[in-house]
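What follows is a set of notes on a single structure, which appears directly below.
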Amino acid sequence: MPSADDVKTRARELGFALCGIAPAGAFPELAFLREWLDRGHAGGMRYLERTAARRADVRQVLPGARTVIALATNYHVDRPYSTEQADPGRARVSRYAWGEDYHAVIGRRTRELLDWLRSASAEPFEARPYVDTGPVQERVYAQYAGLGWIGKNTCLINAEIGSWLFLSEIVCTLPLEVDAPALDQCGTCTLCLEACPTGALVAPHVLDANRCIAYLTIEQRGTLPEPVRADLGSHVYGCDICQEVCPWNAQPPASTDPAWQPHPALDQPRLDALWRQPDAVLRPAVKRSAMAYAGLRRLRRNTAVALGNSGSADAAAALAEPAAGDDSRAAPLVAEHAAWARRRLARDAG
């Protein structure tokens, strides 16, 4: 059977920044999910409720599981933080969505590691690989595998790399040697809680998705509630503020992996330019990225709201252009938010 060191060496060869091994246990942190759901913090993410029992222990996912191979990939690229730019006319797109869809890229690499493990093991074993798609509380197992600790912003933080990390794992029945869990190093720092513009971090380690900009711009289907639209600012997909202000991300290493380099259409675009991009240009960029989950129309909806929040003449000029000939901008969902944005701009100008 391959050793734990063999697994970690192969993981590095495949491009993973971190690899550790946790026991397949029912850790105390896993039980908080039930309390979090009962508080109503999940918003409309009903799939979490449906799978809550399985998420309480990976042995509910794979009976007989003994270890979890936890993996992390650095997706930080050499671009300035949005909090360093005061320009309200520039679209804010969460860093993880700039490049290729991590589900596909990391999924392929995780399966390659599993294929190697099967070929290197003389004994048969059961395993399940996941990349943010299965009923597994990834951050908890990553913490117990020594990859980092769960910060007050609810992200996994590694002392050397920071928190710009994609997580994946292999749940398996192999009795691999496990690592020591990572220790919390947030200390008394509360910068992430203080920086959240909507107060979504209601307490250390507790996120209310109903208030979270990432949830509203990605998970929220249909119409955005009017009271929250102004809170979105220039965010058109996701939000990185709580990670950008984290001291552990002050000087993170930059990845040169081509998979995470920004697509030209998503590389710090201006809001008016993003709005004017035809579907034929924008749709392929969305489909190849993690944005495919929410789709082009939700991106257009969010862009319309952000234009209304920008208060600029350029935004008013862009929104005044007819949407005819562009299916996604002409969609009722997008048109309704564009109308709201025009009214806001007119009110602010008056």
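Each chain in the structure tokens gets a letter, A, B, ..., in the order shown, and its residues are numbered from 1; ligands are numbered from 1 in order too.
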
**Report entry** All residues 7 Å or closer to region 280-291 of chain A, only C-alpha atoms, same chain fewer than 2 positions away omitted, as a PyMOL selection string
**Finding:** chain A and resi 97-102+263+265+277-278+293-296

Those same residues - all heavy atoms - I'd like them written as an mmCIF file, in the first residue's frame.
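Done, and the output landed in selection-v1.cif:
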```
data_model
loop_
_atom_site.group_PDB
_atom_site.id
_atom_site.type_symbol
_atom_site.label_atom_id
_atom_site.label_comp_id
_atom_site.auth_asym_id
_atom_site.auth_seq_id
_atom_site.Cartn_x
_atom_site.Cartn_y
_atom_site.Cartn_z
ATOM 1 N N ALA A 97 -13.553 32.845 -9.982
ATOM 2 C CA ALA A 97 -14.296 32.640 -11.223
ATOM 3 C C ALA A 97 -13.610 33.245 -12.438
ATOM 4 O O ALA A 97 -14.161 33.201 -13.536
ATOM 5 C CB ALA A 97 -15.700 33.246 -11.091
ATOM 6 N N TRP A 98 -12.420 33.798 -12.280
ATOM 7 C CA TRP A 98 -11.749 34.452 -13.407
ATOM 8 C C TRP A 98 -11.300 33.468 -14.477
ATOM 9 O O TRP A 98 -11.319 33.784 -15.664
ATOM 10 C CB TRP A 98 -10.524 35.218 -12.913
ATOM 11 C CG TRP A 98 -10.839 36.417 -12.077
ATOM 12 C CD1 TRP A 98 -12.078 36.938 -11.807
ATOM 13 C CD2 TRP A 98 -9.899 37.238 -11.380
ATOM 14 N NE1 TRP A 98 -11.959 38.030 -10.984
ATOM 15 C CE2 TRP A 98 -10.640 38.240 -10.706
ATOM 16 C CE3 TRP A 98 -8.516 37.228 -11.257
ATOM 17 C CZ2 TRP A 98 -10.027 39.222 -9.928
ATOM 18 C CZ3 TRP A 98 -7.903 38.202 -10.481
ATOM 19 C CH2 TRP A 98 -8.653 39.190 -9.834
ATOM 20 N N GLY A 99 -10.833 32.329 -14.074
ATOM 21 C CA GLY A 99 -10.259 31.377 -15.015
ATOM 22 C C GLY A 99 -11.224 30.265 -15.377
ATOM 23 O O GLY A 99 -12.430 30.476 -15.495
ATOM 24 N N GLU A 100 -10.682 29.065 -15.542
ATOM 25 C CA GLU A 100 -11.509 27.922 -15.932
ATOM 26 C C GLU A 100 -12.336 27.426 -14.741
ATOM 27 O O GLU A 100 -12.038 27.733 -13.593
ATOM 28 C CB GLU A 100 -10.620 26.799 -16.463
ATOM 29 C CG GLU A 100 -9.877 27.150 -17.753
ATOM 30 C CD GLU A 100 -9.019 25.998 -18.243
ATOM 31 O OE1 GLU A 100 -9.462 24.834 -18.120
ATOM 32 O OE2 GLU A 100 -7.913 26.259 -18.743
ATOM 33 N N ASP A 101 -13.353 26.657 -15.043
ATOM 34 C CA ASP A 101 -14.223 26.101 -14.001
ATOM 35 C C ASP A 101 -13.419 25.134 -13.140
ATOM 36 O O ASP A 101 -12.948 24.098 -13.622
ATOM 37 C CB ASP A 101 -15.406 25.393 -14.656
ATOM 38 C CG ASP A 101 -16.445 24.923 -13.647
ATOM 39 O OD1 ASP A 101 -16.155 24.943 -12.429
ATOM 40 O OD2 ASP A 101 -17.542 24.533 -14.075
ATOM 41 N N TYR A 102 -13.265 25.466 -11.873
ATOM 42 C CA TYR A 102 -12.439 24.633 -10.994
ATOM 43 C C TYR A 102 -13.021 23.245 -10.805
ATOM 44 O O TYR A 102 -12.283 22.285 -10.553
ATOM 45 C CB TYR A 102 -12.234 25.323 -9.642
ATOM 46 C CG TYR A 102 -13.464 25.427 -8.774
ATOM 47 C CD1 TYR A 102 -13.754 24.469 -7.820
ATOM 48 C CD2 TYR A 102 -14.347 26.498 -8.900
ATOM 49 C CE1 TYR A 102 -14.874 24.564 -7.007
ATOM 50 C CE2 TYR A 102 -15.470 26.609 -8.103
ATOM 51 C CZ TYR A 102 -15.730 25.643 -7.159
ATOM 52 O OH TYR A 102 -16.852 25.736 -6.371
ATOM 53 N N HIS A 263 -9.831 35.200 -17.885
ATOM 54 C CA HIS A 263 -10.296 35.336 -19.268
ATOM 55 C C HIS A 263 -10.348 36.827 -19.582
ATOM 56 O O HIS A 263 -10.735 37.635 -18.729
ATOM 57 C CB HIS A 263 -11.690 34.707 -19.405
ATOM 58 C CG HIS A 263 -12.188 34.645 -20.808
ATOM 59 N ND1 HIS A 263 -12.671 35.749 -21.477
ATOM 60 C CD2 HIS A 263 -12.282 33.603 -21.682
ATOM 61 C CE1 HIS A 263 -13.049 35.399 -22.691
ATOM 62 N NE2 HIS A 263 -12.813 34.100 -22.843
ATOM 63 N N ALA A 265 -12.366 38.736 -21.024
ATOM 64 C CA ALA A 265 -13.664 39.388 -20.784
ATOM 65 C C ALA A 265 -13.934 39.597 -19.295
ATOM 66 O O ALA A 265 -14.791 40.411 -18.928
ATOM 67 C CB ALA A 265 -14.786 38.556 -21.404
ATOM 68 N N GLN A 277 -20.788 44.080 -23.659
ATOM 69 C CA GLN A 277 -20.260 42.877 -24.300
ATOM 70 C C GLN A 277 -21.407 42.062 -24.878
ATOM 71 O O GLN A 277 -22.350 41.711 -24.166
ATOM 72 C CB GLN A 277 -19.512 42.017 -23.287
ATOM 73 C CG GLN A 277 -18.131 42.523 -22.928
ATOM 74 C CD GLN A 277 -17.077 42.104 -23.942
ATOM 75 O OE1 GLN A 277 -17.398 41.730 -25.080
ATOM 76 N NE2 GLN A 277 -15.837 42.171 -23.561
ATOM 77 N N PRO A 278 -21.361 41.715 -26.161
ATOM 78 C CA PRO A 278 -22.426 40.895 -26.736
ATOM 79 C C PRO A 278 -22.417 39.483 -26.166
ATOM 80 O O PRO A 278 -21.390 38.992 -25.688
ATOM 81 C CB PRO A 278 -22.107 40.896 -28.232
ATOM 82 C CG PRO A 278 -20.654 41.179 -28.313
ATOM 83 C CD PRO A 278 -20.336 42.082 -27.159
ATOM 84 N N TYR A 293 -22.358 28.059 -13.282
ATOM 85 C CA TYR A 293 -23.355 27.642 -12.283
ATOM 86 C C TYR A 293 -24.526 28.618 -12.243
ATOM 87 O O TYR A 293 -25.691 28.218 -12.193
ATOM 88 C CB TYR A 293 -22.699 27.544 -10.911
ATOM 89 C CG TYR A 293 -23.663 27.296 -9.786
ATOM 90 C CD1 TYR A 293 -24.173 26.029 -9.546
ATOM 91 C CD2 TYR A 293 -24.073 28.337 -8.954
ATOM 92 C CE1 TYR A 293 -25.070 25.795 -8.515
ATOM 93 C CE2 TYR A 293 -24.966 28.117 -7.916
ATOM 94 C CZ TYR A 293 -25.457 26.850 -7.701
ATOM 95 O OH TYR A 293 -26.347 26.623 -6.686
ATOM 96 N N ALA A 294 -24.232 29.901 -12.231
ATOM 97 C CA ALA A 294 -25.289 30.919 -12.161
ATOM 98 C C ALA A 294 -25.795 31.318 -13.543
ATOM 99 O O ALA A 294 -26.960 31.693 -13.695
ATOM 100 C CB ALA A 294 -24.783 32.147 -11.412
ATOM 101 N N GLY A 295 -24.925 31.284 -14.539
ATOM 102 C CA GLY A 295 -25.352 31.583 -15.894
ATOM 103 C C GLY A 295 -25.253 33.050 -16.270
ATOM 104 O O GLY A 295 -25.067 33.936 -15.430
ATOM 105 N N LEU A 296 -25.396 33.302 -17.552
ATOM 106 C CA LEU A 296 -25.209 34.635 -18.111
ATOM 107 C C LEU A 296 -26.282 35.614 -17.654
ATOM 108 O O LEU A 296 -26.000 36.784 -17.378
ATOM 109 C CB LEU A 296 -25.162 34.555 -19.637
ATOM 110 C CG LEU A 296 -24.949 35.861 -20.397
ATOM 111 C CD1 LEU A 296 -23.676 36.569 -19.932
ATOM 112 C CD2 LEU A 296 -24.876 35.590 -21.897
#
```

Which residues of region 222-307 of chain A come within 12 Å of region 319-332 of chain A, and for each one, what is the closest pair of atoms and their distance in Å to one decimal, counting only C-alpha atoms, sorted by chain and residue number, as CSV?
```
residue,atom,partner,partner_atom,distance
A:Gly222,CA,A:Pro332,CA,10.0
A:Thr223,CA,A:Pro332,CA,10.0
A:Leu271,CA,A:Leu319,CA,10.5
A:Asp272,CA,A:Leu319,CA,8.2
A:Ala273,CA,A:Leu319,CA,11.0
A:Leu274,CA,A:Leu319,CA,11.4
A:Trp275,CA,A:Leu319,CA,8.1
A:Arg276,CA,A:Glu321,CA,8.8
A:Gln277,CA,A:Asp326,CA,9.5
A:Pro278,CA,A:Asp326,CA,6.6
A:Asp279,CA,A:Asp326,CA,6.4
A:Ala280,CA,A:Asp326,CA,9.0
A:Val281,CA,A:Asp326,CA,11.2
A:Leu282,CA,A:Ser328,CA,10.4
A:Arg283,CA,A:Ser328,CA,9.6
A:Gly295,CA,A:Ser328,CA,10.0
A:Leu296,CA,A:Ser328,CA,7.0
A:Arg297,CA,A:Ser328,CA,5.5
A:Arg298,CA,A:Ser328,CA,9.1
A:Leu299,CA,A:Ser328,CA,9.5
A:Arg300,CA,A:Arg329,CA,6.5
A:Arg301,CA,A:Arg329,CA,8.2
A:Asn302,CA,A:Arg329,CA,11.2
A:Thr303,CA,A:Arg329,CA,10.1
A:Ala304,CA,A:Leu319,CA,7.7
A:Val305,CA,A:Leu319,CA,10.4
A:Ala306,CA,A:Leu319,CA,11.1
A:Leu307,CA,A:Leu319,CA,7.9
```

Store the residues picked out above in a file with C-alpha atoms, as a PDB file, in the first residue's frame.
```pdb
ATOM      1  CA  GLY A 222     -34.875  35.375  -9.995  1.00  0.00           C
ATOM      2  CA  THR A 223     -35.417  38.903  -8.721  1.00  0.00           C
ATOM      3  CA  LEU A 271     -19.165  47.879 -15.746  1.00  0.00           C
ATOM      4  CA  ASP A 272     -20.271  49.713 -18.887  1.00  0.00           C
ATOM      5  CA  ALA A 273     -17.915  47.619 -21.035  1.00  0.00           C
ATOM      6  CA  LEU A 274     -19.164  44.411 -19.408  1.00  0.00           C
ATOM      7  CA  TRP A 275     -22.784  45.445 -20.029  1.00  0.00           C
ATOM      8  CA  ARG A 276     -22.028  46.183 -23.696  1.00  0.00           C
ATOM      9  CA  GLN A 277     -20.260  42.877 -24.300  1.00  0.00           C
ATOM     10  CA  PRO A 278     -22.426  40.895 -26.736  1.00  0.00           C
ATOM     11  CA  ASP A 279     -23.663  37.480 -25.695  1.00  0.00           C
ATOM     12  CA  ALA A 280     -21.486  35.896 -28.372  1.00  0.00           C
ATOM     13  CA  VAL A 281     -18.382  37.134 -26.512  1.00  0.00           C
ATOM     14  CA  LEU A 282     -19.528  36.886 -22.905  1.00  0.00           C
ATOM     15  CA  ARG A 283     -21.351  33.547 -22.987  1.00  0.00           C
ATOM     16  CA  GLY A 295     -25.352  31.583 -15.894  1.00  0.00           C
ATOM     17  CA  LEU A 296     -25.209  34.635 -18.111  1.00  0.00           C
ATOM     18  CA  ARG A 297     -28.582  36.112 -17.206  1.00  0.00           C
ATOM     19  CA  ARG A 298     -27.759  36.325 -13.511  1.00  0.00           C
ATOM     20  CA  LEU A 299     -24.476  38.014 -14.412  1.00  0.00           C
ATOM     21  CA  ARG A 300     -26.404  40.502 -16.572  1.00  0.00           C
ATOM     22  CA  ARG A 301     -28.908  41.065 -13.754  1.00  0.00           C
ATOM     23  CA  ASN A 302     -26.107  41.807 -11.304  1.00  0.00           C
ATOM     24  CA  THR A 303     -24.312  44.056 -13.789  1.00  0.00           C
ATOM     25  CA  ALA A 304     -27.455  46.125 -14.260  1.00  0.00           C
ATOM     26  CA  VAL A 305     -27.740  46.618 -10.489  1.00  0.00           C
ATOM     27  CA  ALA A 306     -24.051  47.514 -10.207  1.00  0.00           C
ATOM     28  CA  LEU A 307     -24.425  50.105 -12.960  1.00  0.00           C
TER      29      LEU A 307
END
```

Requested in this report: Would you please give, as a PyMOL selection string, all residues of region 187-321 of chain A that DSSP assigns to alpha helix (DSSP H) based on the backbone?
Outcome: chain A and resi 191-195+213-214+226-229+241-244+271-276+279-288+296-310+313-320

Go through region 85-188 of chain A and flag each residue having an atom no more than 9 Å from region 44-67 of chain A; for those, report the closest pair of atoms plus their distance in Å to one decimal, using only C-alpha atoms, ordered by chain and rising number, as a tab-separated table.
```
residue	atom	partner	partner_atom	distance
A:Glu126	CA	A:Ala65	CA	7.8
A:Ala127	CA	A:Leu62	CA	7.5
A:Arg128	CA	A:Leu62	CA	7.3
A:Gly134	CA	A:Arg55	CA	8.7
A:Pro135	CA	A:Arg55	CA	5.0
A:Val136	CA	A:Arg55	CA	5.2
A:Gln137	CA	A:Arg55	CA	6.1
A:Ile170	CA	A:Thr67	CA	8.4
A:Val171	CA	A:Thr67	CA	6.2
A:Cys172	CA	A:Ala65	CA	5.2
A:Thr173	CA	A:Ala65	CA	4.3
A:Leu174	CA	A:Arg66	CA	6.1
A:Pro175	CA	A:Arg66	CA	5.9
A:Leu176	CA	A:Thr67	CA	6.6
A:Glu177	CA	A:Thr67	CA	8.5
A:Val178	CA	A:Thr67	CA	7.6
```

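Candidate residues A:Arg92, A:Val206, A:Gln185, A:Arg79 were compared for distance to Glu35 (chain A), and the nearest is A:Val206, using only C-alpha atoms.
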
Query raised in the report: Excluding same-chain residues fewer than 5 positions from Trp248 (chain A), what lies within 9 Å of it counting only C-alpha atoms, as a PyMOL selection string?
Result: chain A and resi 157-163+186+243

Query - Spatial neighbours of Ser119 (chain A), 10 Å, only C-alpha atoms, chain gap at least 5 places, as a count of residues only - result: 5

Query raised in the report: When DSSP works through the backbone of this structure, what residues of region 4-246 of chain A end up as strand (DSSP E), shown as number ranges by chain?
Result: A: 18-23, 67-74, 92-93, 127-130, 149-150, 156-157, 165-172, 201-203, 206-207, 235-237

**Report entry** Residue neighbourhood Cys189 (chain A), 10 Å, only C-alpha atoms, exclusion window fewer than 6 positions, as a VMD selection string
**Finding:** chain A and resid 152 204 246 to 247

Write the residues of the preceding selection, restricted to all heavy atoms, as a PDB file, in the first residue's frame.
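As a result, result01.pdb now contains:
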```
ATOM      1  N   LYS A 152     -12.249  33.156  10.874  1.00  0.00           N
ATOM      2  CA  LYS A 152     -13.475  33.810  11.303  1.00  0.00           C
ATOM      3  C   LYS A 152     -14.356  34.195  10.127  1.00  0.00           C
ATOM      4  O   LYS A 152     -15.554  34.421  10.286  1.00  0.00           O
ATOM      5  CB  LYS A 152     -13.133  35.040  12.150  1.00  0.00           C
ATOM      6  CG  LYS A 152     -12.492  34.675  13.486  1.00  0.00           C
ATOM      7  CD  LYS A 152     -12.093  35.906  14.285  1.00  0.00           C
ATOM      8  CE  LYS A 152     -11.386  35.496  15.577  1.00  0.00           C
ATOM      9  NZ  LYS A 152     -10.913  36.660  16.351  1.00  0.00           N
ATOM     10  N   PRO A 204     -17.879  35.510  14.765  1.00  0.00           N
ATOM     11  CA  PRO A 204     -16.731  34.749  14.263  1.00  0.00           C
ATOM     12  C   PRO A 204     -17.147  33.344  13.848  1.00  0.00           C
ATOM     13  O   PRO A 204     -17.838  32.647  14.578  1.00  0.00           O
ATOM     14  CB  PRO A 204     -15.787  34.716  15.480  1.00  0.00           C
ATOM     15  CG  PRO A 204     -16.123  35.951  16.243  1.00  0.00           C
ATOM     16  CD  PRO A 204     -17.605  36.106  16.092  1.00  0.00           C
ATOM     17  N   CYS A 246      -7.874  40.006   5.016  1.00  0.00           N
ATOM     18  CA  CYS A 246      -7.250  39.067   5.954  1.00  0.00           C
ATOM     19  C   CYS A 246      -5.728  39.247   5.935  1.00  0.00           C
ATOM     20  O   CYS A 246      -5.105  39.200   4.864  1.00  0.00           O
ATOM     21  CB  CYS A 246      -7.610  37.631   5.574  1.00  0.00           C
ATOM     22  SG  CYS A 246      -6.830  36.382   6.626  1.00  0.00           S
ATOM     23  N   PRO A 247      -5.103  39.438   7.088  1.00  0.00           N
ATOM     24  CA  PRO A 247      -3.639  39.596   7.119  1.00  0.00           C
ATOM     25  C   PRO A 247      -2.879  38.414   6.533  1.00  0.00           C
ATOM     26  O   PRO A 247      -1.774  38.592   6.015  1.00  0.00           O
ATOM     27  CB  PRO A 247      -3.342  39.749   8.617  1.00  0.00           C
ATOM     28  CG  PRO A 247      -4.605  40.270   9.212  1.00  0.00           C
ATOM     29  CD  PRO A 247      -5.712  39.629   8.415  1.00  0.00           C
TER      30      PRO A 247
END
```
